[in-house]
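K.L.:
Sharing my_file-v4.cif (mmCIF, C-alpha atoms) below.
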```cif
data_input
loop_
_atom_site.label_atom_id
_atom_site.label_comp_id
_atom_site.auth_asym_id
_atom_site.auth_seq_id
_atom_site.Cartn_x
_atom_site.Cartn_y
_atom_site.Cartn_z
CA MET B 1 25.13 37.57 -71.35
CA VAL B 2 22.83 35.55 -69.13
CA ARG B 3 23.22 36.36 -65.47
CA TRP B 4 22.14 34.38 -62.45
CA HIS B 5 18.63 35.61 -61.72
CA PHE B 6 17.94 36.86 -58.20
CA GLN B 7 14.34 37.29 -57.14
CA GLU B 8 13.75 40.35 -54.99
CA ASN B 9 12.12 40.41 -51.58
CA LEU B 10 13.06 43.91 -50.60
CA GLY B 11 9.83 45.79 -50.11
CA GLY B 12 10.04 47.31 -53.59
CA LEU B 13 13.65 48.44 -53.27
CA PRO B 14 15.82 47.49 -56.27
CA LEU B 15 18.78 45.13 -56.03
CA PRO B 16 21.19 44.66 -58.95
CA LEU B 17 21.50 41.31 -60.65
CA GLY B 18 24.79 39.51 -60.30
CA PRO B 19 26.75 37.88 -57.49
CA PRO B 20 25.97 39.40 -54.08
CA SER B 21 28.51 40.78 -51.69
CA ARG B 22 28.84 38.51 -48.65
CA SER B 23 29.06 41.57 -46.45
CA ALA B 24 25.87 43.06 -47.82
CA CYS B 25 23.61 40.15 -48.70
CA CYS B 26 22.80 36.63 -47.72
CA SER B 27 21.45 34.12 -50.24
CA HIS B 28 18.94 31.43 -49.48
CA LEU B 29 16.42 29.02 -50.99
CA ILE B 30 18.13 28.38 -54.33
CA HIS B 31 15.48 26.97 -56.64
CA SER B 32 14.37 26.22 -60.19
CA ASP B 33 11.34 24.65 -61.83
CA ARG B 34 12.75 21.23 -60.92
CA PHE B 35 14.35 21.56 -57.50
CA ILE B 36 14.45 23.57 -54.29
CA TRP B 37 17.49 23.79 -52.04
CA LEU B 38 16.91 24.68 -48.38
CA HIS B 39 19.60 26.30 -46.26
CA PHE B 40 19.44 24.29 -43.04
CA PRO B 41 21.80 26.21 -40.71
CA LYS B 42 25.19 24.64 -39.98
CA THR B 43 24.99 22.02 -42.74
CA ALA B 44 27.54 23.42 -45.23
CA GLY B 45 25.03 25.84 -46.73
CA THR B 46 27.71 28.46 -47.38
CA ALA B 47 29.69 25.89 -49.36
CA VAL B 48 26.63 25.15 -51.51
CA GLU B 49 26.06 28.85 -52.15
CA ARG B 50 29.73 29.33 -53.06
CA LEU B 51 29.59 26.53 -55.64
CA PHE B 52 26.44 27.98 -57.20
CA ARG B 53 27.90 31.47 -57.42
CA ARG B 54 31.11 30.15 -58.93
CA HIS B 55 29.73 27.64 -61.43
CA PHE B 56 26.03 28.24 -62.13
CA ARG B 57 25.60 32.01 -62.23
CA ARG B 58 24.83 31.86 -65.94
CA VAL B 59 22.15 29.18 -65.70
CA ARG B 60 18.94 31.03 -66.52
CA SER B 61 16.63 28.54 -64.79
CA VAL B 62 18.35 28.85 -61.41
CA ARG B 63 16.97 31.50 -59.08
CA CYS B 64 18.40 32.60 -55.79
CA ASP B 65 16.69 35.04 -53.50
CA VAL B 66 18.89 37.68 -51.95
CA VAL B 67 18.15 39.98 -49.07
CA SER B 68 20.27 42.71 -47.53
CA HIS B 69 21.01 42.49 -43.81
CA LEU B 70 20.98 46.30 -43.74
CA LEU B 71 17.48 46.43 -45.23
CA VAL B 72 16.30 43.86 -42.69
CA ARG B 73 17.60 46.03 -39.85
CA LEU B 74 15.86 49.06 -41.40
CA GLY B 75 12.58 47.16 -41.66
CA PHE B 76 12.41 47.14 -45.47
CA ALA B 77 12.98 43.38 -45.87
CA GLN B 78 12.37 40.13 -44.04
CA PRO B 79 15.10 37.82 -42.68
CA ILE B 80 14.24 34.88 -44.91
CA TRP B 81 17.70 33.44 -45.60
CA HIS B 82 16.90 30.22 -43.72
CA ASP B 83 13.28 29.72 -44.78
CA SER B 84 11.77 26.26 -44.55
CA LEU B 85 9.14 25.20 -47.07
CA ALA B 86 6.36 26.04 -44.63
CA GLU B 87 7.82 29.48 -43.91
CA ARG B 88 8.15 30.29 -47.60
CA LYS B 89 4.58 29.15 -48.21
CA SER B 90 3.33 31.44 -45.44
CA ARG B 91 5.17 34.39 -47.01
CA GLN B 92 4.20 33.55 -50.58
CA PRO B 93 0.91 31.59 -50.79
CA GLU B 94 1.51 30.87 -54.47
CA PHE B 95 4.76 29.05 -53.64
CA SER B 96 4.69 25.28 -54.27
CA TRP B 97 7.23 22.48 -54.14
CA SER B 98 4.90 19.99 -55.81
CA GLY B 99 6.70 17.93 -58.43
CA LYS B 100 10.13 19.24 -57.40
CA ALA B 101 13.06 17.60 -55.67
CA VAL B 102 13.73 19.13 -52.26
CA ILE B 103 17.44 19.22 -51.47
CA CYS B 104 18.56 19.91 -47.92
CA GLY B 105 21.75 19.75 -45.88
CA MET B 106 22.20 17.09 -43.21
CA ARG B 107 24.69 16.47 -40.44
CA ARG B 108 25.08 14.01 -37.61
CA LEU B 109 23.49 15.31 -34.42
CA PRO B 110 26.58 15.49 -32.15
CA ASP B 111 28.62 17.36 -34.75
CA TRP B 112 25.73 19.71 -35.55
CA LEU B 113 25.18 20.49 -31.87
CA TYR B 114 28.84 21.27 -31.31
CA SER B 115 28.95 23.46 -34.43
CA ARG B 116 25.81 25.35 -33.42
CA HIS B 117 27.03 25.74 -29.81
CA THR B 118 30.37 27.26 -30.84
CA PHE B 119 28.68 29.42 -33.49
CA GLU B 120 26.36 30.90 -30.87
CA MET B 121 29.31 31.44 -28.54
CA GLN B 122 31.06 33.40 -31.25
CA ARG B 123 28.18 35.58 -32.44
CA SER B 124 26.65 36.20 -28.99
CA PRO B 125 29.52 36.33 -26.50
CA ALA B 126 27.31 38.10 -23.94
CA LEU B 127 25.14 34.98 -23.68
CA GLU B 128 26.43 32.48 -21.15
CA GLN B 129 26.20 29.15 -22.95
CA ASN B 130 25.90 26.18 -20.61
CA PRO B 131 27.40 23.06 -22.24
CA GLU B 132 25.13 20.91 -20.05
CA ASN B 133 22.21 22.05 -22.25
CA LEU B 134 23.77 20.09 -25.09
CA LEU B 135 22.94 16.83 -23.31
CA THR B 136 19.27 17.47 -24.13
CA GLY B 137 19.97 18.82 -27.62
CA ARG B 138 19.56 22.45 -26.56
CA PHE B 139 21.54 25.68 -26.80
CA PHE B 140 20.88 29.40 -26.40
CA GLU B 141 19.96 31.26 -29.57
CA GLN B 142 21.09 34.82 -30.30
CA THR B 143 17.74 36.07 -28.98
CA GLY B 144 18.29 34.36 -25.62
CA ALA B 145 15.67 31.70 -26.40
CA LEU B 146 16.57 28.06 -25.86
CA GLY B 147 16.90 26.33 -29.20
CA PHE B 148 16.25 22.61 -29.64
CA ALA B 149 17.83 20.39 -32.30
CA ASP B 150 14.65 18.35 -32.89
CA HIS B 151 12.72 21.52 -33.67
CA TYR B 152 15.22 22.38 -36.40
CA MET B 153 15.03 18.93 -37.95
CA ARG B 154 11.22 19.01 -37.93
CA LYS B 155 11.30 22.49 -39.45
CA TYR B 156 13.41 21.57 -42.48
CA LEU B 157 12.61 17.87 -42.90
CA PRO B 158 9.10 17.34 -41.48
CA PRO B 159 7.50 13.87 -41.62
CA ASP B 160 5.24 14.63 -44.58
CA LEU B 161 8.17 15.85 -46.66
CA LEU B 162 10.27 12.81 -45.81
CA GLU B 163 7.45 10.47 -46.73
CA SER B 164 6.87 12.24 -50.05
CA GLY B 165 9.97 10.70 -51.58
CA ALA B 166 11.07 14.10 -52.89
CA VAL B 167 13.96 14.62 -50.46
CA ARG B 168 17.63 14.48 -51.40
CA VAL B 169 20.11 15.23 -48.64
CA ILE B 170 23.64 16.59 -48.78
CA ARG B 171 25.47 15.16 -45.80
CA VAL B 172 28.28 17.40 -44.58
CA GLU B 173 30.47 14.36 -44.02
CA HIS B 174 30.00 13.24 -47.66
CA PHE B 175 29.67 16.67 -49.21
CA ARG B 176 31.12 16.16 -52.69
CA GLN B 177 29.43 12.80 -53.25
CA ASP B 178 26.03 14.00 -52.06
CA PHE B 179 26.17 17.39 -53.78
CA THR B 180 26.89 15.67 -57.08
CA ALA B 181 24.14 13.09 -56.60
CA ALA B 182 21.59 15.70 -55.50
CA PHE B 183 22.07 18.11 -58.41
CA ARG B 184 23.32 15.94 -61.29
CA ASP B 185 19.81 15.61 -62.76
CA PHE B 186 19.46 19.39 -63.00
CA LEU B 187 22.92 20.93 -63.49
CA PRO B 188 26.28 20.06 -65.13
CA VAL B 189 27.92 19.30 -61.79
CA GLU B 190 30.60 17.19 -63.46
CA ARG B 191 32.36 20.37 -64.57
CA ILE B 192 33.12 21.42 -60.98
CA PRO B 193 36.85 20.88 -60.27
CA GLU B 194 37.65 18.57 -57.37
CA GLN B 195 39.56 21.29 -55.53
CA ASP B 196 36.44 23.49 -55.36
CA PHE B 197 34.75 20.94 -53.12
CA ALA B 198 37.63 21.16 -50.68
CA ILE B 199 36.92 24.83 -49.88
CA MET B 200 34.58 24.27 -46.94
CA ARG B 201 36.24 26.29 -44.20
CA ASN B 202 34.00 26.90 -41.23
CA ARG B 203 33.94 30.58 -40.35
CA THR B 204 33.38 29.73 -36.69
CA ARG B 205 36.70 30.17 -34.93
CA THR B 206 35.50 29.59 -31.36
CA MET B 207 36.29 26.24 -29.74
CA ASP B 208 35.01 24.64 -26.54
CA ASP B 209 36.93 21.54 -25.47
CA ASN B 210 34.64 20.99 -22.51
CA ALA B 211 31.57 20.88 -24.75
CA ARG B 212 33.36 18.57 -27.16
CA ARG B 213 34.19 16.10 -24.38
CA LEU B 214 30.70 16.35 -22.92
CA ILE B 215 29.07 15.52 -26.24
CA GLN B 216 31.44 12.70 -27.09
CA THR B 217 30.93 10.95 -23.75
CA ASN B 218 27.14 11.31 -23.68
CA LEU B 219 26.06 10.36 -27.19
CA GLU B 220 23.33 7.96 -26.07
CA GLN B 221 21.67 10.54 -23.83
CA ILE B 222 21.82 13.19 -26.54
CA TYR B 223 20.17 10.93 -29.11
CA ARG B 224 17.48 9.89 -26.63
CA SER B 225 16.73 13.57 -26.05
CA CYS B 226 16.31 14.19 -29.79
CA PRO B 227 14.27 11.19 -31.04
CA TYR B 228 13.12 12.83 -34.26
CA TRP B 229 16.64 13.80 -35.30
CA ALA B 230 17.81 10.30 -34.38
CA ASP B 231 15.13 8.77 -36.60
CA VAL B 232 15.88 11.00 -39.58
CA GLU B 233 19.62 10.52 -39.20
CA SER B 234 19.20 6.74 -39.20
CA ARG B 235 17.60 6.96 -42.65
CA PHE B 236 20.66 8.54 -44.23
CA TYR B 237 23.62 7.27 -42.18
CA SER B 238 25.06 3.96 -41.12
CA THR B 239 25.11 3.11 -37.42
CA GLU B 240 28.82 3.80 -36.99
CA ARG B 241 29.78 5.76 -33.89
CA THR B 242 30.10 9.51 -34.22
CA VAL B 243 33.51 10.99 -33.43
CA LEU B 244 33.81 14.76 -33.36
CA PRO B 245 36.67 16.14 -35.46
#
```
Show me the file's structure as structure tokens.

P.N.:
Amino acid sequence: MVRWHFQENLGGLPLPLGPPSRSACCSHLIHSDRFIWLHFPKTAGTAVERLFRRHFRRVRSVRCDVVSHLLVRLGFAQPIWHDSLAERKSRQPEFSWSGKAVICGMRRLPDWLYSRHTFEMQRSPALEQNPENLLTGRFFEQTGALGFADHYMRKYLPPDLLESGAVRVIRVEHFRQDFTAAFRDFLPVERIPEQDFAIMRNRTRTMDDNARRLIQTNLEQIYRSCPYWADVESRFYSTERTVLP
């Protein structure tokens, strides 16, 4: 039996092959000799991971790093589940994406900001999130630092990568269509049942109606505050107005 191969990054500690427990491990940077998938936070990355675990575990060429949250807390592993290409290169100098397709999640800015805002509210309730920060594309991270949407977009889809022609995006709003287009050259994606694409439940249960209204009524200001995200988004989306769900 061929099992999905997980590379280890655990400071020499062994980790069994096979599907990881969601409570124990977090997967990231799924890759092969032909493609690399980056887990851009809040862009349906968990849905991508779920499809790979369910349908491509037996594909020998697909590798998925796994790291234990417990081992990270103990200092035996690094929190690399959301590595960008630059971060992975700094950790592993031999790493290269040359000649590979780089697949990354994508989401419209207002929806991403709202999702990130409510996610931070849920995981860090002690932090007092100010919805007014959203008007400049900002939000408080778990550490208390002020995160900025443009920094995230530059981290995962920097200008040189975009200009390379190697990028394929999976837009959250067109998940099935884009997932199929992004991976069809490398994997038998046609065998995935339609109903499996519908399982994209967001684990964030927190809602903030005030933030939702603030974002929806200040779209122009938000996009002006995040010019890089606005530019990248315009490459992959039409100009239709964003309406938060």

K.L.:
Set the distance at 10 Å and use all atoms listed in the file: which residues neighbour Met121 (chain B) once local chain neighbours fewer than 5 positions away are removed? I'd like the list as a PyMOL selection string.

P.N.:
chain B and resi 115-116+126-129+139-142+204-208

K.L.:
How many Å separate CA of Ser98 (chain B) from CA of Leu162 (chain B)?

P.N.:
13.4 Å

K.L.:
If we draw a sphere of 10 Å around (21.7, 11.9, -54.8), which residues have at least one atom in it when counting only C-alpha atoms? Please report them as an NGL selection string.

P.N.:
:B and (103 or 167-170 or 177-185)

K.L.:
Where does the PyMOL selection byres ((chain B and resi 219) around 10) land in this file, that is, which residues does it pick, as a ChimeraX atom specification?

P.N.:
/B:109-110,135,214-218,220-225,241-243

K.L.:
Looking at only C-alpha atoms, which of B:Gly137, B:Glu163, B:Ala47, B:Arg212 is the one that sits closest to Val232 (chain B)?

P.N.:
B:Glu163

K.L.:
Go ahead and compute the interatomic distance for CA of His31 (chain B) and CA of Trp229 (chain B), in Å to one decimal.

P.N.:
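One can read the CA of His31 (chain B) to CA of Trp229 (chain B) distance as 25.1 Å.
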
K.L.:
Select all residues near (19.6, 23.9, -45.5) (cut-off 12 Å, inclusive, file coordinates), counting all atoms listed in the file, and output them as a short mmCIF file (atom, residue, chain, number, x, y, z; two decimals) with C-alpha atoms, in the frame of the given file.

P.N.:
```cif
data_model
loop_
_atom_site.label_atom_id
_atom_site.label_comp_id
_atom_site.auth_asym_id
_atom_site.auth_seq_id
_atom_site.Cartn_x
_atom_site.Cartn_y
_atom_site.Cartn_z
CA SER B 27 21.45 34.12 -50.24
CA HIS B 28 18.94 31.43 -49.48
CA LEU B 29 16.42 29.02 -50.99
CA ILE B 30 18.13 28.38 -54.33
CA ILE B 36 14.45 23.57 -54.29
CA TRP B 37 17.49 23.79 -52.04
CA LEU B 38 16.91 24.68 -48.38
CA HIS B 39 19.60 26.30 -46.26
CA PHE B 40 19.44 24.29 -43.04
CA PRO B 41 21.80 26.21 -40.71
CA LYS B 42 25.19 24.64 -39.98
CA THR B 43 24.99 22.02 -42.74
CA ALA B 44 27.54 23.42 -45.23
CA GLY B 45 25.03 25.84 -46.73
CA THR B 46 27.71 28.46 -47.38
CA ALA B 47 29.69 25.89 -49.36
CA VAL B 48 26.63 25.15 -51.51
CA GLU B 49 26.06 28.85 -52.15
CA TRP B 81 17.70 33.44 -45.60
CA HIS B 82 16.90 30.22 -43.72
CA ASP B 83 13.28 29.72 -44.78
CA SER B 84 11.77 26.26 -44.55
CA LEU B 85 9.14 25.20 -47.07
CA VAL B 102 13.73 19.13 -52.26
CA ILE B 103 17.44 19.22 -51.47
CA CYS B 104 18.56 19.91 -47.92
CA GLY B 105 21.75 19.75 -45.88
CA MET B 106 22.20 17.09 -43.21
CA ARG B 107 24.69 16.47 -40.44
CA TYR B 152 15.22 22.38 -36.40
CA MET B 153 15.03 18.93 -37.95
CA LYS B 155 11.30 22.49 -39.45
CA TYR B 156 13.41 21.57 -42.48
CA LEU B 157 12.61 17.87 -42.90
CA VAL B 167 13.96 14.62 -50.46
CA ARG B 168 17.63 14.48 -51.40
CA VAL B 169 20.11 15.23 -48.64
CA ILE B 170 23.64 16.59 -48.78
CA ARG B 171 25.47 15.16 -45.80
CA VAL B 172 28.28 17.40 -44.58
#
```

K.L.:
Would you mind reading off the distance between CA of Ile192 (chain B) and CA of Val67 (chain B), one decimal, in Å?

P.N.:
26.7 Å

K.L.:
Looking at B:Gly147, B:Gly165, B:Pro227, B:Pro79, which one is nearest to Gly99 (chain B), with distances taken over all atoms listed in the file?

P.N.:
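Closest to Gly99 (chain B), using all atoms listed in the file: B:Gly165.
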
K.L.:
Return the single residue from B:Gln195, B:Ser32, B:Ser238, B:Thr143 that is closest to Arg176 (chain B), with distances computed using only C-alpha atoms.

P.N.:
B:Gln195

K.L.:
Between B:Phe95, B:Phe56, B:Ala101, B:Asp33, which is the closest to Pro188 (chain B) once you count only C-alpha atoms?

P.N.:
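Looking only at the distances to Pro188 (chain B), the closest residue turns out to be B:Phe56.
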
K.L.:
Output: region 216-239 of chain B of the preceding structure, restricted to N, CA and C atoms, written as a PDB file, in the first residue's frame.

P.N.:
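out_11.pdb, written as the output of this step:
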```pdb
ATOM      1  N   GLN B 216     -18.910  46.987   4.451  1.00  0.00           N
ATOM      2  CA  GLN B 216     -19.742  47.089   3.259  1.00  0.00           C
ATOM      3  C   GLN B 216     -19.997  48.528   2.827  1.00  0.00           C
ATOM      4  N   THR B 217     -19.985  49.449   3.770  1.00  0.00           N
ATOM      5  CA  THR B 217     -20.272  50.854   3.441  1.00  0.00           C
ATOM      6  C   THR B 217     -19.005  51.680   3.219  1.00  0.00           C
ATOM      7  N   ASN B 218     -17.842  51.041   3.307  1.00  0.00           N
ATOM      8  CA  ASN B 218     -16.584  51.785   3.132  1.00  0.00           C
ATOM      9  C   ASN B 218     -15.612  51.034   2.227  1.00  0.00           C
ATOM     10  N   LEU B 219     -16.140  50.388   1.213  1.00  0.00           N
ATOM     11  CA  LEU B 219     -15.304  49.572   0.331  1.00  0.00           C
ATOM     12  C   LEU B 219     -14.210  50.388  -0.355  1.00  0.00           C
ATOM     13  N   GLU B 220     -14.562  51.571  -0.840  1.00  0.00           N
ATOM     14  CA  GLU B 220     -13.583  52.379  -1.564  1.00  0.00           C
ATOM     15  C   GLU B 220     -12.408  52.750  -0.679  1.00  0.00           C
ATOM     16  N   GLN B 221     -12.681  53.152   0.559  1.00  0.00           N
ATOM     17  CA  GLN B 221     -11.610  53.518   1.479  1.00  0.00           C
ATOM     18  C   GLN B 221     -10.725  52.312   1.798  1.00  0.00           C
ATOM     19  N   ILE B 222     -11.337  51.164   1.981  1.00  0.00           N
ATOM     20  CA  ILE B 222     -10.580  49.959   2.313  1.00  0.00           C
ATOM     21  C   ILE B 222      -9.642  49.579   1.168  1.00  0.00           C
ATOM     22  N   TYR B 223     -10.136  49.648  -0.052  1.00  0.00           N
ATOM     23  CA  TYR B 223      -9.282  49.306  -1.190  1.00  0.00           C
ATOM     24  C   TYR B 223      -8.167  50.329  -1.386  1.00  0.00           C
ATOM     25  N   ARG B 224      -8.462  51.596  -1.136  1.00  0.00           N
ATOM     26  CA  ARG B 224      -7.404  52.616  -1.230  1.00  0.00           C
ATOM     27  C   ARG B 224      -6.319  52.366  -0.202  1.00  0.00           C
ATOM     28  N   SER B 225      -6.697  51.855   0.955  1.00  0.00           N
ATOM     29  CA  SER B 225      -5.731  51.596   2.027  1.00  0.00           C
ATOM     30  C   SER B 225      -4.876  50.369   1.753  1.00  0.00           C
ATOM     31  N   CYS B 226      -5.318  49.515   0.835  1.00  0.00           N
ATOM     32  CA  CYS B 226      -4.594  48.278   0.527  1.00  0.00           C
ATOM     33  C   CYS B 226      -4.351  48.207  -0.984  1.00  0.00           C
ATOM     34  N   PRO B 227      -3.505  49.099  -1.515  1.00  0.00           N
ATOM     35  CA  PRO B 227      -3.335  49.183  -2.978  1.00  0.00           C
ATOM     36  C   PRO B 227      -2.755  47.929  -3.602  1.00  0.00           C
ATOM     37  N   TYR B 228      -1.871  47.234  -2.883  1.00  0.00           N
ATOM     38  CA  TYR B 228      -1.288  46.032  -3.478  1.00  0.00           C
ATOM     39  C   TYR B 228      -2.339  44.937  -3.601  1.00  0.00           C
ATOM     40  N   TRP B 229      -3.121  44.732  -2.537  1.00  0.00           N
ATOM     41  CA  TRP B 229      -4.188  43.732  -2.609  1.00  0.00           C
ATOM     42  C   TRP B 229      -5.159  44.099  -3.726  1.00  0.00           C
ATOM     43  N   ALA B 230      -5.510  45.381  -3.822  1.00  0.00           N
ATOM     44  CA  ALA B 230      -6.440  45.819  -4.865  1.00  0.00           C
ATOM     45  C   ALA B 230      -5.908  45.484  -6.251  1.00  0.00           C
ATOM     46  N   ASP B 231      -4.604  45.688  -6.454  1.00  0.00           N
ATOM     47  CA  ASP B 231      -4.003  45.404  -7.755  1.00  0.00           C
ATOM     48  C   ASP B 231      -4.020  43.910  -8.061  1.00  0.00           C
ATOM     49  N   VAL B 232      -3.638  43.092  -7.089  1.00  0.00           N
ATOM     50  CA  VAL B 232      -3.621  41.647  -7.308  1.00  0.00           C
ATOM     51  C   VAL B 232      -5.042  41.133  -7.540  1.00  0.00           C
ATOM     52  N   GLU B 233      -5.974  41.610  -6.733  1.00  0.00           N
ATOM     53  CA  GLU B 233      -7.360  41.165  -6.878  1.00  0.00           C
ATOM     54  C   GLU B 233      -7.897  41.482  -8.271  1.00  0.00           C
ATOM     55  N   SER B 234      -7.543  42.643  -8.796  1.00  0.00           N
ATOM     56  CA  SER B 234      -8.043  43.048 -10.110  1.00  0.00           C
ATOM     57  C   SER B 234      -7.555  42.128 -11.228  1.00  0.00           C
ATOM     58  N   ARG B 235      -6.475  41.411 -10.990  1.00  0.00           N
ATOM     59  CA  ARG B 235      -5.948  40.481 -11.990  1.00  0.00           C
ATOM     60  C   ARG B 235      -6.794  39.220 -12.110  1.00  0.00           C
ATOM     61  N   PHE B 236      -7.471  38.865 -11.016  1.00  0.00           N
ATOM     62  CA  PHE B 236      -8.159  37.576 -10.970  1.00  0.00           C
ATOM     63  C   PHE B 236      -9.677  37.675 -10.819  1.00  0.00           C
ATOM     64  N   TYR B 237     -10.192  38.882 -10.630  1.00  0.00           N
ATOM     65  CA  TYR B 237     -11.626  39.073 -10.461  1.00  0.00           C
ATOM     66  C   TYR B 237     -12.145  40.122 -11.443  1.00  0.00           C
ATOM     67  N   SER B 238     -13.448  40.049 -11.688  1.00  0.00           N
ATOM     68  CA  SER B 238     -14.096  41.112 -12.438  1.00  0.00           C
ATOM     69  C   SER B 238     -14.254  42.317 -11.508  1.00  0.00           C
ATOM     70  N   THR B 239     -14.803  43.381 -12.021  1.00  0.00           N
ATOM     71  CA  THR B 239     -14.938  44.609 -11.213  1.00  0.00           C
ATOM     72  C   THR B 239     -16.286  44.682 -10.494  1.00  0.00           C
TER      73      THR B 239
END
```
